[in-house]
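See below for the structure under consideration.
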Amino acid sequence: MGWRTPKDEAVEAFMELGMPRSAAQSMSTLIRQQVTPTVDRLLPGIERSPAPQSLLLTSTALTQVLPDLTRDIQPGLDSTRATSSALPCILMLPMVLELGARQAAAAGPPPVPSPSLAQAEATWRREVDAAFTSLGREVRSMLGRLLRGVLGEQTDTQWAGWVLLAAMQAMDVHRDALPIPGRTSQTPGAQAAGAAFQLGRLLTIAAGLELVRP
């Protein structure tokens, strides 16, 4: 039997963020029907892999730690704004559901990252190195250890890292359609939330890079 999760779970999660039900349903549908196919193109053959399970585990773990980690890195940021750092991972839930619905019964070898994703990985390494120079590798190593512990010994952690990076690149491709804080409002609160979102994005990418590191 294929892997299953309740279809309305993403809608409920978005409503907890303050979205009206209609907006939450529209956002979930957009991510499932437009963003997830981009993930498929970035990792051809993903439907024959344990991608839904690994993405659910990594995104859930990061959602729990990113707000506090963001406040540690940006002292003075209030807890409400800091929650925006977890939004990239919260937006992955519809992808998890759609990938789970598409998951094929037959297993296959781990898909090979597309040239586009491989290029993004190299670019992100430079971006993360530049952004976190003052922190050294401590934060990145901590995130890598966290996710490896969550995934367990039976999971190909390098492959799980590629799935996480594919989800992030797919969201970058469709960023104009996603609810990114601080993009349209110039109020101090919105800008603070936007900064937290961008930091959460970088930390999530950094975590994925740690997993794919040989």
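Simple scheme: letters A, B, ... for chains in structure tokens order, numbers from 1 for residues in each chain, numbers from 1 for ligands in the order shown.
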
Write down as a VMD selection string the residues of stretch 13-206 of chain A whose backbone DSSP state falls under alpha helix (DSSP H).
-> chain A and resid 13 to 16 21 to 30 36 to 42 51 to 73 79 to 82 87 to 90 93 to 102 115 to 131 138 to 151 157 to 173 188 to 206

Near stretch 114-121 of chain A, within 12 Å and counting only C-alpha atoms, which residues show up once chain neighbours fewer than 3 positions away are dropped, as number ranges by chain?
-> A: 38-46, 111, 124-128, 161-170, 172-173, 205-213

Near A:Ser79, within 10 Å and counting only C-alpha atoms, which residues show up once chain neighbours fewer than 6 positions away are dropped, as a list in words?
-> Pro67, Asp68, Thr70 and Arg71 of chain A

Export N, CA and C atoms of the chosen residues as a short mmCIF file (atom, residue, chain, number, x, y, z; two decimals), in the first residue's frame?
data_model
loop_
_atom_site.label_atom_id
_atom_site.label_comp_id
_atom_site.auth_asym_id
_atom_site.auth_seq_id
_atom_site.Cartn_x
_atom_site.Cartn_y
_atom_site.Cartn_z
N PRO A 67 12.76 28.89 14.29
CA PRO A 67 12.44 30.16 14.97
C PRO A 67 13.41 30.50 16.10
N ASP A 68 13.71 29.54 16.96
CA ASP A 68 14.64 29.81 18.07
C ASP A 68 16.04 30.07 17.55
N THR A 70 16.82 31.34 14.69
CA THR A 70 16.80 32.67 14.08
C THR A 70 16.93 33.76 15.13
N ARG A 71 16.27 33.59 16.25
CA ARG A 71 16.38 34.58 17.34
C ARG A 71 17.77 34.58 17.95
#

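Among the candidates A:Pro214, A:Arg201, A:Leu30, A:Pro113, the residue lying nearest to A:Thr63 is A:Arg201 (atoms considered: only C-alpha atoms).
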
Pick the closest to A:Gln64 from A:Leu146, A:Leu99, A:Leu77, A:Ala51: which is it, counting only C-alpha atoms?
->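 So, comparing all the options, the nearest one is A:Leu146.
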
Neighbour list for A:Ile90 as number ranges by chain, cut-off 8 Å, only C-alpha atoms, skip fewer than 2 positions in-chain | A: 13, 59-60, 63, 86-88, 92-93

Measuring atom to atom with only C-alpha atoms, identify which of A:Leu62, A:Ala196, A:Met95, A:Val35 is nearest to A:Ala10.
->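 Closest candidate: A:Met95.
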